[in-house]
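> My file is upload02.cif. It has mmCIF, C-alpha atoms:
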data_protein
loop_
_atom_site.label_atom_id
_atom_site.label_comp_id
_atom_site.auth_asym_id
_atom_site.auth_seq_id
_atom_site.Cartn_x
_atom_site.Cartn_y
_atom_site.Cartn_z
CA MET A 21 -179.22 16.21 60.11
CA SER A 22 -176.17 15.04 61.98
CA TYR A 23 -176.00 12.00 59.70
CA SER A 24 -175.89 14.22 56.68
CA TYR A 25 -173.08 16.33 58.09
CA LEU A 26 -171.15 13.24 59.20
CA ARG A 27 -171.48 11.67 55.79
CA GLY A 28 -170.34 14.92 54.16
CA GLY A 29 -167.43 15.19 56.53
CA LEU A 30 -166.32 11.63 55.81
CA ALA A 31 -166.62 12.22 52.09
CA VAL A 32 -164.43 15.31 52.35
CA ALA A 33 -161.90 13.43 54.50
CA ALA A 34 -161.77 10.51 52.10
CA PHE A 35 -161.42 12.86 49.19
CA THR A 36 -158.54 14.71 50.85
CA LEU A 37 -156.78 11.39 51.43
CA ALA A 38 -157.28 10.50 47.79
CA LEU A 39 -155.84 13.83 46.75
CA ASN A 40 -152.83 13.36 49.01
CA ALA A 41 -152.26 9.97 47.47
CA ALA A 42 -152.49 11.53 44.01
CA THR A 43 -149.97 14.18 44.94
CA ALA A 44 -147.57 11.62 46.38
CA ALA A 45 -147.80 9.41 43.31
CA PRO A 46 -148.20 11.55 40.17
CA ALA A 47 -148.60 8.45 38.02
CA ALA A 48 -151.98 7.70 39.65
CA GLU A 49 -154.70 8.24 37.07
CA THR A 50 -157.07 10.39 39.09
CA ALA A 51 -158.31 13.91 38.77
CA LYS A 52 -160.78 16.09 40.60
CA VAL A 53 -163.46 18.61 39.92
CA VAL A 54 -164.80 20.60 42.85
CA ILE A 55 -168.26 22.15 42.59
CA GLY A 56 -168.50 25.53 44.29
CA ASN A 57 -170.70 28.59 43.79
CA PHE A 58 -172.67 26.75 41.11
CA THR A 59 -169.51 26.26 39.05
CA PHE A 60 -167.47 23.20 38.05
CA GLY A 61 -163.81 23.81 38.84
CA PRO A 62 -162.03 23.53 36.56
CA VAL A 63 -164.68 24.06 33.91
CA ALA A 64 -162.48 22.18 31.39
CA LEU A 65 -160.32 19.32 32.60
CA THR A 66 -157.82 17.45 30.42
CA VAL A 67 -156.89 13.88 31.41
CA LYS A 68 -155.26 10.77 29.95
CA PRO A 69 -157.37 7.75 28.98
CA GLY A 70 -158.00 5.56 32.00
CA THR A 71 -158.22 8.47 34.40
CA THR A 72 -160.85 8.35 37.11
CA VAL A 73 -162.38 11.78 37.60
CA THR A 74 -164.06 12.54 40.90
CA TRP A 75 -166.50 15.40 41.34
CA LEU A 76 -167.01 16.71 44.87
CA ASN A 77 -169.96 18.91 45.71
CA GLY A 78 -168.54 21.64 47.91
CA ASP A 79 -171.70 23.77 47.58
CA ASP A 80 -174.48 24.13 50.09
CA ILE A 81 -177.08 23.05 47.54
CA PRO A 82 -177.41 19.71 45.70
CA HIS A 83 -176.02 19.26 42.22
CA THR A 84 -175.66 16.48 39.64
CA VAL A 85 -173.06 15.56 37.03
CA VAL A 86 -174.73 14.44 33.79
CA ALA A 87 -173.19 13.94 30.35
CA ASP A 88 -174.79 16.18 27.73
CA ASP A 89 -176.01 13.08 25.91
CA LYS A 90 -177.45 11.90 29.26
CA LYS A 91 -175.99 8.44 28.56
CA ALA A 92 -172.18 8.42 28.90
CA PHE A 93 -172.35 9.11 32.65
CA ARG A 94 -174.92 10.34 35.10
CA SER A 95 -174.49 10.81 38.85
CA LYS A 96 -177.21 10.48 41.41
CA VAL A 97 -178.03 13.70 43.19
CA LEU A 98 -174.98 14.90 45.12
CA ASP A 99 -175.82 16.62 48.38
CA SER A 100 -173.24 18.84 50.03
CA GLY A 101 -170.03 16.85 50.56
CA ASP A 102 -171.10 13.96 48.31
CA SER A 103 -168.91 12.86 45.42
CA PHE A 104 -169.20 10.94 42.15
CA SER A 105 -166.48 9.21 40.15
CA PHE A 106 -166.27 8.08 36.54
CA THR A 107 -163.37 6.51 34.65
CA PHE A 108 -162.76 7.86 31.16
CA THR A 109 -161.31 5.12 28.96
CA THR A 110 -161.76 6.50 25.46
CA PRO A 111 -160.30 9.71 24.00
CA GLY A 112 -162.69 12.52 23.21
CA THR A 113 -164.39 15.56 24.64
CA PHE A 114 -167.13 14.83 27.13
CA ALA A 115 -169.39 17.80 27.84
CA TYR A 116 -171.53 17.60 30.95
CA PHE A 117 -173.85 19.74 33.07
CA CYS A 118 -175.84 19.84 36.28
CA SER A 119 -179.35 18.61 35.48
CA ILE A 120 -180.76 20.63 38.39
CA HIS A 121 -179.04 23.88 37.35
CA PRO A 122 -178.41 23.39 33.63
CA HIS A 123 -176.59 26.71 33.28
CA MET A 124 -173.73 24.88 35.07
CA THR A 125 -171.64 23.23 32.38
CA GLY A 126 -168.19 21.67 32.12
CA LYS A 127 -166.17 19.28 29.99
CA VAL A 128 -163.57 16.57 30.32
CA ILE A 129 -161.09 16.29 27.47
CA VAL A 130 -159.57 12.83 27.29
CA LYS A 131 -156.42 12.52 25.20
CA ALA A 132 -153.17 10.59 25.30
CA SER A 133 -150.30 13.01 25.93
CA MET B 20 -212.95 42.45 51.10
CA GLY B 21 -216.73 43.00 51.06
CA GLU B 22 -216.43 46.65 50.00
CA HIS B 23 -213.81 45.78 47.45
CA ALA B 24 -215.92 43.07 45.93
CA SER B 25 -218.99 45.30 45.83
CA ARG B 26 -217.11 47.99 43.95
CA ARG B 27 -215.90 45.46 41.44
CA ARG B 28 -219.39 44.09 41.03
CA PHE B 29 -220.69 47.58 40.42
CA LEU B 30 -218.01 48.19 37.77
CA GLU B 31 -218.81 44.94 36.08
CA CYS B 32 -222.51 45.62 36.01
CA MET B 33 -222.38 49.28 34.95
CA GLY B 34 -224.34 49.76 31.79
CA TRP B 35 -225.40 52.56 29.49
CA ALA B 36 -228.88 51.47 28.74
CA GLY B 37 -229.85 54.65 26.85
CA THR B 38 -228.44 53.36 23.58
CA GLY B 39 -229.64 49.84 24.01
CA LEU B 40 -226.07 48.65 24.53
CA VAL B 41 -224.74 47.07 27.67
CA TRP B 42 -221.03 47.34 28.34
CA THR B 43 -219.40 44.82 30.57
CA VAL B 44 -215.77 44.59 31.53
CA SER B 45 -214.77 41.10 32.40
CA GLY B 46 -211.30 39.67 32.65
CA GLY B 47 -209.84 42.81 31.10
CA ILE B 48 -211.93 42.54 27.94
CA ALA B 49 -214.57 45.19 27.25
CA ASP B 50 -217.57 43.79 25.52
CA ALA B 51 -220.74 45.38 24.15
CA SER B 52 -223.95 43.51 23.60
CA LEU B 53 -227.48 44.51 22.65
CA LEU B 54 -230.00 44.72 25.43
CA GLY B 55 -231.95 41.53 25.54
CA ALA B 56 -229.08 39.59 24.05
CA ALA B 57 -226.97 39.69 27.21
CA GLN B 58 -228.32 36.38 28.44
CA ALA B 59 -227.51 34.69 25.17
CA ALA B 60 -223.76 34.92 25.72
CA PRO B 61 -221.66 32.10 24.24
CA LYS B 62 -221.26 29.09 26.47
CA SER B 63 -217.54 29.56 26.87
CA LYS B 64 -217.89 33.09 28.28
CA PRO B 65 -217.00 32.85 31.97
CA ILE B 66 -219.05 34.07 34.87
CA VAL B 67 -216.52 34.99 37.52
CA THR B 68 -217.64 34.73 41.10
CA PRO B 69 -215.49 35.68 44.08
CA PHE B 70 -213.13 33.27 45.79
CA THR B 71 -209.72 33.17 47.40
CA PHE B 72 -206.79 30.85 46.83
CA VAL B 73 -203.26 30.59 48.16
CA GLN B 74 -199.86 30.07 46.57
CA VAL B 75 -197.03 28.44 48.52
CA SER B 76 -193.69 27.67 46.97
CA ASP B 77 -190.25 26.21 47.43
CA SER B 78 -190.85 24.49 50.75
CA HIS B 79 -187.60 22.50 50.24
CA ILE B 80 -188.53 20.03 52.98
CA GLY B 81 -185.23 18.43 54.01
CA PHE B 82 -183.19 21.63 53.72
CA ASN B 83 -181.29 22.06 56.97
CA LYS B 84 -178.41 24.42 56.36
CA ASP B 85 -177.64 28.08 56.89
CA PRO B 86 -179.83 30.16 57.05
CA ASN B 87 -182.61 27.68 57.99
CA PRO B 88 -181.78 24.70 60.24
CA ASP B 89 -185.13 23.02 59.44
CA ALA B 90 -187.35 23.97 56.51
CA ARG B 91 -190.14 21.92 58.10
CA THR B 92 -190.50 24.44 60.89
CA THR B 93 -190.98 27.40 58.59
CA PHE B 94 -193.33 25.40 56.34
CA ARG B 95 -195.46 24.65 59.42
CA GLU B 96 -195.53 28.37 60.15
CA ALA B 97 -196.65 29.05 56.59
CA VAL B 98 -199.45 26.51 56.94
CA ALA B 99 -200.45 28.07 60.26
CA ARG B 100 -200.92 31.34 58.35
CA ILE B 101 -203.28 29.61 55.96
CA ASN B 102 -205.19 28.00 58.81
CA ALA B 103 -205.57 31.41 60.45
CA MET B 104 -207.28 32.94 57.42
CA PRO B 105 -210.83 34.09 58.26
CA HIS B 106 -212.22 32.05 55.36
CA LYS B 107 -210.73 28.86 54.03
CA PRO B 108 -209.17 29.32 50.62
CA ALA B 109 -210.76 27.36 47.78
CA PHE B 110 -207.45 25.56 47.20
CA ILE B 111 -203.68 25.90 47.41
CA LEU B 112 -201.22 26.01 44.52
CA HIS B 113 -197.76 24.68 45.39
CA THR B 114 -195.39 25.97 42.73
CA GLY B 115 -192.66 23.40 43.18
CA ASP B 116 -189.58 22.32 45.07
CA VAL B 117 -191.76 20.61 47.65
CA SER B 118 -188.67 18.65 48.67
CA GLN B 119 -184.95 19.24 48.81
CA LEU B 120 -183.83 15.87 47.40
CA SER B 121 -187.04 14.10 46.26
CA LYS B 122 -186.83 11.68 49.20
CA PRO B 123 -190.05 9.89 50.16
CA ALA B 124 -189.73 11.10 53.76
CA GLU B 125 -189.46 14.69 52.56
CA PHE B 126 -192.62 14.38 50.47
CA ASP B 127 -194.34 12.60 53.38
CA ASP B 128 -193.51 15.40 55.79
CA ALA B 129 -194.65 18.08 53.34
CA ASP B 130 -197.95 16.26 52.80
CA GLN B 131 -198.47 15.79 56.52
CA ILE B 132 -197.98 19.50 57.17
CA LEU B 133 -200.15 20.62 54.24
CA LYS B 134 -202.90 18.21 55.23
CA GLU B 135 -203.54 20.38 58.30
CA THR B 136 -205.16 22.96 56.03
CA GLY B 137 -207.90 20.55 54.96
CA VAL B 138 -207.74 22.22 51.53
CA GLU B 139 -207.07 20.67 48.15
CA VAL B 140 -203.54 21.27 46.87
CA PHE B 141 -202.47 21.39 43.21
CA HIS B 142 -198.77 20.80 42.61
CA VAL B 143 -196.32 21.43 39.83
CA PRO B 144 -192.79 20.07 40.31
CA GLY B 145 -189.60 22.02 40.82
CA GLU B 146 -186.20 20.69 39.79
CA HIS B 147 -185.61 19.48 43.35
CA ASP B 148 -188.64 17.20 42.93
CA MET B 149 -187.06 15.41 39.95
CA LEU B 150 -184.11 13.85 41.80
CA ASP B 151 -185.41 10.32 42.41
CA GLU B 152 -184.16 7.38 40.36
CA GLY B 153 -187.14 7.79 38.04
CA GLN B 154 -186.35 11.48 37.49
CA GLY B 155 -189.70 12.75 38.64
CA ARG B 156 -191.66 9.50 38.74
CA ALA B 157 -192.00 9.69 42.54
CA PHE B 158 -193.50 13.18 42.31
CA LEU B 159 -195.88 12.16 39.54
CA ASP B 160 -196.99 9.05 41.39
CA ARG B 161 -197.80 11.16 44.41
CA TYR B 162 -199.25 14.36 42.92
CA GLY B 163 -199.95 13.53 39.29
CA ARG B 164 -203.53 12.24 39.56
CA GLY B 165 -205.61 14.09 36.97
CA THR B 166 -202.59 15.45 35.13
CA LEU B 167 -201.34 14.82 31.63
CA GLY B 168 -197.86 14.20 30.23
CA ASP B 169 -195.17 15.13 32.72
CA GLY B 170 -197.70 16.54 35.16
CA TRP B 171 -199.34 19.48 33.46
CA ARG B 172 -203.05 20.15 33.88
CA SER B 173 -205.80 22.74 33.66
CA PHE B 174 -208.99 23.27 35.60
CA ASP B 175 -211.68 25.88 35.98
CA HIS B 176 -212.85 27.46 39.19
CA ASN B 177 -215.61 30.06 39.47
CA GLY B 178 -215.02 31.29 35.93
CA VAL B 179 -211.20 31.41 36.12
CA HIS B 180 -209.11 29.04 34.01
CA PHE B 181 -206.05 27.64 35.80
CA VAL B 182 -203.13 26.09 33.93
CA GLY B 183 -200.34 24.22 35.72
CA LEU B 184 -197.22 23.94 33.55
CA VAL B 185 -194.12 21.79 34.09
CA ASN B 186 -190.84 23.43 33.06
CA VAL B 187 -188.27 21.36 34.98
CA LYS B 188 -188.34 18.10 33.02
CA ASP B 189 -185.45 16.96 30.81
CA LEU B 190 -183.48 20.19 31.11
CA LYS B 191 -180.74 20.65 28.53
CA ALA B 192 -177.11 21.58 29.11
CA GLY B 193 -176.62 25.33 29.11
CA GLY B 194 -180.37 25.93 29.02
CA MET B 195 -183.00 27.24 31.40
CA GLY B 196 -186.48 25.96 32.16
CA HIS B 197 -188.15 24.05 29.34
CA LEU B 198 -191.78 23.31 28.45
CA GLY B 199 -191.34 21.15 25.37
CA GLU B 200 -193.37 20.63 22.21
CA ALA B 201 -195.85 18.12 23.64
CA GLN B 202 -196.85 20.45 26.45
CA LEU B 203 -197.07 23.47 24.15
CA ASP B 204 -199.30 21.51 21.77
CA TRP B 205 -201.55 20.59 24.64
CA LEU B 206 -201.62 24.19 25.87
CA LYS B 207 -202.70 25.44 22.46
CA GLU B 208 -205.62 23.00 22.42
CA ASP B 209 -206.48 23.73 26.03
CA LEU B 210 -206.78 27.49 25.52
CA ALA B 211 -208.41 27.41 22.07
CA PRO B 212 -212.07 27.13 23.12
CA LEU B 213 -211.86 29.83 25.79
CA SER B 214 -213.35 33.28 25.43
CA ALA B 215 -210.76 36.09 25.54
CA SER B 216 -212.50 37.46 28.61
CA THR B 217 -211.72 34.32 30.61
CA PRO B 218 -209.24 35.23 33.34
CA ILE B 219 -206.21 32.94 33.05
CA VAL B 220 -203.95 31.94 35.93
CA VAL B 221 -200.81 30.03 34.97
CA TYR B 222 -198.78 28.39 37.73
CA THR B 223 -195.36 26.87 37.18
CA HIS B 224 -192.01 26.61 38.91
CA ILE B 225 -189.36 28.47 36.93
CA PRO B 226 -190.24 32.00 35.78
CA LEU B 227 -191.76 32.25 32.29
CA TRP B 228 -189.84 35.47 31.64
CA THR B 229 -186.09 35.67 31.70
CA ILE B 230 -185.14 37.32 34.94
CA TYR B 231 -181.44 36.39 34.84
CA ALA B 232 -180.18 33.98 32.18
CA ASP B 233 -176.72 33.50 33.75
CA TRP B 234 -178.42 31.79 36.67
CA GLY B 235 -180.95 29.96 34.53
CA TRP B 236 -183.81 32.12 35.79
CA GLY B 237 -186.10 31.83 32.80
CA THR B 238 -187.73 29.31 30.46
CA ASP B 239 -186.23 28.72 27.02
CA ASP B 240 -189.46 28.22 25.11
CA SER B 241 -191.80 30.41 27.17
CA ALA B 242 -192.39 32.85 24.29
CA GLN B 243 -194.45 30.18 22.54
CA ALA B 244 -196.63 29.68 25.61
CA LEU B 245 -197.06 33.40 26.21
CA GLY B 246 -197.92 33.94 22.55
CA LEU B 247 -200.94 31.67 23.03
CA MET B 248 -202.12 33.89 25.91
CA LYS B 249 -201.81 37.31 24.33
CA ARG B 250 -205.44 37.45 23.25
CA PHE B 251 -206.71 37.09 26.81
CA GLY B 252 -207.59 40.20 28.76
CA SER B 253 -206.19 39.02 32.07
CA VAL B 254 -203.31 36.56 32.45
CA THR B 255 -201.50 36.07 35.73
CA VAL B 256 -198.38 33.91 35.83
CA LEU B 257 -197.42 32.62 39.27
CA ASN B 258 -194.08 30.93 39.85
CA GLY B 259 -191.44 30.19 42.45
CA HIS B 260 -187.83 29.05 42.00
CA ILE B 261 -186.04 32.31 42.78
CA HIS B 262 -187.25 32.67 46.38
CA GLN B 263 -188.10 36.36 46.23
CA ILE B 264 -190.89 38.62 45.02
CA ILE B 265 -190.37 40.10 41.59
CA GLN B 266 -193.21 41.42 39.43
CA LYS B 267 -193.47 42.47 35.84
CA THR B 268 -196.33 43.41 33.54
CA GLU B 269 -196.22 42.90 29.80
CA GLY B 270 -199.42 43.86 28.04
CA ASN B 271 -202.20 41.92 29.70
CA ILE B 272 -199.81 39.41 31.26
CA THR B 273 -198.63 39.89 34.82
CA PHE B 274 -195.67 37.85 36.07
CA GLN B 275 -195.45 37.23 39.79
CA THR B 276 -192.63 35.26 41.42
CA ALA B 277 -193.19 34.20 45.01
CA ARG B 278 -191.19 33.86 48.18
CA SER B 279 -190.04 30.48 49.44
CA THR B 280 -191.03 29.12 52.83
CA ALA B 281 -187.48 27.75 53.32
CA PHE B 282 -184.72 30.23 52.48
CA PRO B 283 -184.20 33.42 50.47
CA GLN B 284 -181.95 33.72 47.42
CA PRO B 285 -179.96 36.75 46.29
CA ALA B 286 -181.36 39.39 43.95
CA PRO B 287 -180.58 38.58 40.31
CA GLY B 288 -176.83 38.80 39.68
CA GLN B 289 -176.07 39.95 43.22
CA GLY B 290 -173.19 37.75 44.36
CA PRO B 291 -171.33 34.87 42.75
CA ALA B 292 -174.13 32.30 42.69
CA PRO B 293 -177.83 31.83 43.40
CA GLY B 294 -177.27 29.72 46.54
CA PRO B 295 -179.16 30.23 49.79
CA LEU B 296 -178.82 33.78 51.05
CA LYS B 297 -177.23 33.71 54.49
CA VAL B 298 -179.23 36.05 56.65
CA PRO B 299 -179.30 36.43 60.44
CA ALA B 300 -181.88 34.24 62.17
CA GLY B 301 -183.82 37.34 63.17
CA GLN B 302 -184.29 38.36 59.55
CA LEU B 303 -185.09 34.98 58.00
CA ARG B 304 -188.86 35.15 58.41
CA ASP B 305 -189.01 38.61 56.85
CA MET B 306 -187.87 36.97 53.63
CA LEU B 307 -190.15 33.91 53.66
CA GLY B 308 -193.87 33.87 53.12
CA ILE B 309 -197.07 32.91 51.36
CA ARG B 310 -199.28 34.61 48.79
CA THR B 311 -203.05 35.09 48.93
CA LEU B 312 -205.03 35.81 45.77
CA LYS B 313 -208.56 37.16 45.78
CA VAL B 314 -210.68 36.81 42.69
CA ALA B 315 -213.62 39.07 41.94
CA PRO B 316 -215.45 39.99 38.75
CA GLY B 317 -214.11 42.99 36.89
CA ALA B 318 -211.42 44.28 34.59
CA HIS B 319 -208.65 43.21 36.96
CA PRO B 320 -210.07 40.09 38.55
CA LEU B 321 -207.06 39.09 40.66
CA ALA B 322 -205.87 40.95 43.74
CA LEU B 323 -202.66 39.61 45.18
CA ALA B 324 -201.19 39.94 48.66
CA ASP B 325 -197.82 38.59 49.78
CA SER B 326 -197.36 38.13 53.49
CA ALA B 327 -194.11 37.35 55.27
CA LEU B 328 -193.80 34.76 58.03
CA ALA B 329 -192.37 37.35 60.42
#
Write out the structure in this file as structure tokens.

Amino acid sequence: MSYSYLRGGLAVAAFTLALNAATAAPAAETAKVVIGNFTFGPVALTVKPGTTVTWLNGDDIPHTVVADDKKAFRSKVLDSGDSFSFTFTTPGTFAYFCSIHPHMTGKVIVKAS
Amino acid sequence: MGEHASRRRFLECMGWAGTGLVWTVSGGIADASLLGAAQAAPKSKPIVTPFTFVQVSDSHIGFNKDPNPDARTTFREAVARINAMPHKPAFILHTGDVSQLSKPAEFDDADQILKETGVEVFHVPGEHDMLDEGQGRAFLDRYGRGTLGDGWRSFDHNGVHFVGLVNVKDLKAGGMGHLGEAQLDWLKEDLAPLSASTPIVVYTHIPLWTIYADWGWGTDDSAQALGLMKRFGSVTVLNGHIHQIIQKTEGNITFQTARSTAFPQPAPGQGPAPGPLKVPAGQLRDMLGIRTLKVAPGAHPLALADSALA
């Protein structure tokens, strides 16, 4: 149990650092989606090609991040505090969902600005 | 139970011999047959004899957060309830989410605890049991002996036909539970030879009626499965997933969702999300429990009792 909390805590800490870095250097191609209350936030995220998107599970129940086609990207199960990253290189709209709770859906829109 | 069973037996056996017809009510289907022909009933007509079985659900072994610091402890308490029953149940149905994260140690612990009952257990998976690399392979390897496809099966016990359905495999974005064509085809064949008076018990994880679509509390293609069961006089659908008791009757089909042994969830639509309901430690065991089902011949062959761990 303590291991799980420690791991979650470290993941949150690392994520916060990453966010700070992103804030300090706006050119960094990163973006975040936080999972809370069985919802992806934001539900729709628009990024430039080459952006690494990181999903953080802030819920108290496990979730996954799986492309609708189940091929483009698929996370392992994310316990509370776990995160998953994927770099979007090609333009397009990538719909995804949580394979455990499929009513949870979101999308990443990749387009050059 | 003795008195209860005797009354049911009397109802089943009541006959009006004056006209040469014998009426029997079995599994919710009234049937008349000529005297002397009663013994020549078709082979598929069931003879229901009394027995008891137990449903446990959503043990979520590995869950360790508010409101339950260790789901193992409460699962042990649930098993102690089964062990304390005056007569051993014929078997146990576990309606899914054995584990929290499909980890081998979680399944091991669940098995170790359940083994104390000394009773055979039939499993169907919940979505939490599909989280290994093989997306359910670990569950199937462990509990799938004697099953078909993704883990569905049927068996008969004392005249009752049991059907275990899997509705957590290959879920689609934006959808709910899903049975799939292959399983529905199998179900159609499985039920076809049965007499309409055969009592049917279906056990699965996600409800087969839509309780709350916004939270995915239903099964997309359940209407096809339920359509195959309409001709039966007594159908009982047991499920878990929503960690609370909700009942509904539709014609001859009774839907019964069960409590978890790990944590409660909010009533449908109450609150922002269906996450674990945070309740004070003193109230937790009021909201967890097991279900005992007694089977006896008669028009309503299943009697159901939910008991809390408190």
> Once you count all atoms listed in the file, which residues of chain A turn out to be within 8 Å of chain B? Could you give them as a PyMOL selection string?
chain A and resi 21+57-58+80-82+88+96-97+116-125
> Could you write out that same residue set with C-alpha atoms as a tab-separated table (two decimals), in the coordinates of the input?

chain	number	residue	atom	x	y	z
A	21	MET	CA	-179.22	16.21	60.11
A	57	ASN	CA	-170.70	28.59	43.79
A	58	PHE	CA	-172.67	26.75	41.11
A	80	ASP	CA	-174.48	24.13	50.09
A	81	ILE	CA	-177.08	23.05	47.54
A	82	PRO	CA	-177.41	19.71	45.70
A	88	ASP	CA	-174.79	16.18	27.73
A	96	LYS	CA	-177.21	10.48	41.41
A	97	VAL	CA	-178.03	13.70	43.19
A	116	TYR	CA	-171.53	17.60	30.95
A	117	PHE	CA	-173.85	19.74	33.07
A	118	CYS	CA	-175.84	19.84	36.28
A	119	SER	CA	-179.35	18.61	35.48
A	120	ILE	CA	-180.76	20.63	38.39
A	121	HIS	CA	-179.04	23.88	37.35
A	122	PRO	CA	-178.41	23.39	33.63
A	123	HIS	CA	-176.59	26.71	33.28
A	124	MET	CA	-173.73	24.88	35.07
A	125	THR	CA	-171.64	23.23	32.38
> Could you tell me how far atom CA of Leu203 of chain B sits from atom CA of Leu245 of chain B, in Å to one decimal place?
10.1 Å
> For a test of reading the model, state the distance in Å between atom CA of Ala281 of chain B and atom CA of Val53 of chain A, rounded to one decimal.
29.0 Å
> May I have the residues within 10 Å of Asp209 of chain B as a PDB file with C-alpha atoms, in the coordinates of the input, using only C-alpha atoms and disregarding those fewer than 2 positions away in the same chain?

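Result file is selection02.pdb:
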ATOM      1  CA  ARG B 172    -203.050  20.150  33.880  1.00  0.00           C
ATOM      2  CA  SER B 173    -205.800  22.740  33.660  1.00  0.00           C
ATOM      3  CA  PHE B 174    -208.990  23.270  35.600  1.00  0.00           C
ATOM      4  CA  HIS B 180    -209.110  29.040  34.010  1.00  0.00           C
ATOM      5  CA  VAL B 182    -203.130  26.090  33.930  1.00  0.00           C
ATOM      6  CA  LEU B 203    -197.070  23.470  24.150  1.00  0.00           C
ATOM      7  CA  ASP B 204    -199.300  21.510  21.770  1.00  0.00           C
ATOM      8  CA  TRP B 205    -201.550  20.590  24.640  1.00  0.00           C
ATOM      9  CA  LEU B 206    -201.620  24.190  25.870  1.00  0.00           C
ATOM     10  CA  LYS B 207    -202.700  25.440  22.460  1.00  0.00           C
ATOM     11  CA  ALA B 211    -208.410  27.410  22.070  1.00  0.00           C
ATOM     12  CA  PRO B 212    -212.070  27.130  23.120  1.00  0.00           C
ATOM     13  CA  LEU B 213    -211.860  29.830  25.790  1.00  0.00           C
TER      14      LEU B 213
END
> So how far away is atom CA of Asp89 of chain A from atom CA of Thr71 of chain A, in Å?
20.2 Å
> Taking (-199.6, 21.8, 34.4) in the file's coordinates, which residues come within 6 Å, counting all atoms listed in the file, written as a ChimeraX atom specification?
/B:170-172,182-185
> Using only C-alpha atoms, find the one residue out of B:Ile309, B:Ala300, B:Ala215, B:Leu112 that sits nearest to Val98 of chain B.
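Of B:Ile309, B:Ala300, B:Ala215, B:Leu112, the one nearest Val98 of chain B, counting only C-alpha atoms, is B:Ile309.
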> Excluding Lys52 of chain A and its own-chain neighbours fewer than 4 positions away, which residues fall within 6 Å of it when counting only C-alpha atoms? Please give them as a list of chain:residue names.
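What passes the distance filter is A:Val73, A:Thr74, A:Trp75.
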> Name the residues captured by the PyMOL selection byres ((chain B and resi 106) around 12) when it is applied to the shown file; answer as a list of chain:residue names.
B:Met20, B:Phe70, B:Thr71, B:Phe72, B:Val73, B:Arg100, B:Ile101, B:Asn102, B:Ala103, B:Met104, B:Pro105, B:Lys107, B:Pro108, B:Ala109, B:Phe110, B:Thr136, B:Val138, B:Thr311, B:Lys313
> Expand the PyMOL selection byres ((chain A and resi 67) around 8) into the individual residues it matches in the shown file, reporting them as a list in words.
Ala51, Leu65, Thr66, Lys68, Pro69, Thr71, Val128, Ile129, Val130, Lys131 and Ala132 of chain A
> Name the residues that the PyMOL selection byres ((chain B and resi 260) around 6) picks from the file above, as a list in words, using the file's chain letters and numbers.
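Taken on the displayed file, the PyMOL selection byres ((chain B and resi 260) around 6) yields the residues His224, Ile225, Gly259, Ile261 and His262 of chain B.
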> Go through B:Val140, B:Ala99, B:Leu133, B:Val220 one by one, measure the shortest atom-to-atom distance of each to Asp175 of chain B using all atoms listed in the file, and give the residue with the smallest value.
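Looking only at the distances to Asp175 of chain B, the closest residue turns out to be B:Val220.
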